[in-house]
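I have placed the structure first, in the form of C-alpha cells, so that the comments after it can refer back to it.
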Amino acid sequence: MSAADLHTLTGAYAVDALDGPEREGFERHLAVCAPCREEVRELTATAARLGLAASAAPPPGMREKVLRRVAAVRQEPPRARPPAGSPGGA
C-alpha cells in the first residue's frame, strides 16, 4: 500500500473498520503523520457525537418496502473515465 493510499484510511480507522494487517500498517503511518493523527482525532470525535444523536424508529414495513423497490431498480454500470490527455480527460 502506498503512502497516498494510507492517507485515505483515516475514516475507516476512526470507526474501527480496518482489519489486522491494514490496521497495523495504518498505525505505523499514524506514528509519523501528524495530519492523519489530527484527522483521526476529529473523525473519532464526530463519530462519537453521531452515535449519541437522537434516532427515530422507522415506520412499520419500511425495510420490506425499501428492499422491494431496490430489487426493481437497475444498477447503472461504472462510468469509464476518458483517457488522460483526451478531451474531458485529466
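Residue numbering restarts at 1 for every chain of the C-alpha cells, chains are lettered A, B, ... in their displayed order, and ligands are numbered from 1 as they appear.
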Next on the checklist: I need the residues in range 6-77 of chain A that are helix (DSSP H, G or I) according to DSSP; give them as a VMD selection string.
Outcome noted: chain A and resid 6 to 7 10 to 14 20 to 30 34 to 52 62 to 71
Checklist entry - Could you pull the residues within 8 Å of range 34-49 of chain A, counting only C-alpha atoms, minus those fewer than 2 positions along the same chain, as a ChimeraX atom specification? => result /A:7,10-11,13-15,30-32,51-53
Item to check | Length of the CA of Leu18 in chain A to CA of Leu6 in chain A vector [Å] | outcome: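 Answer for the CA of Leu18 in chain A to CA of Leu6 in chain A separation: 11.5 Å.
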Checklist entry - In Å, how far is it from CA of Arg28 in chain A to CA of Thr8 in chain A? => result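 Taking CA of Arg28 in chain A and CA of Thr8 in chain A, their separation equals 14.5 Å.
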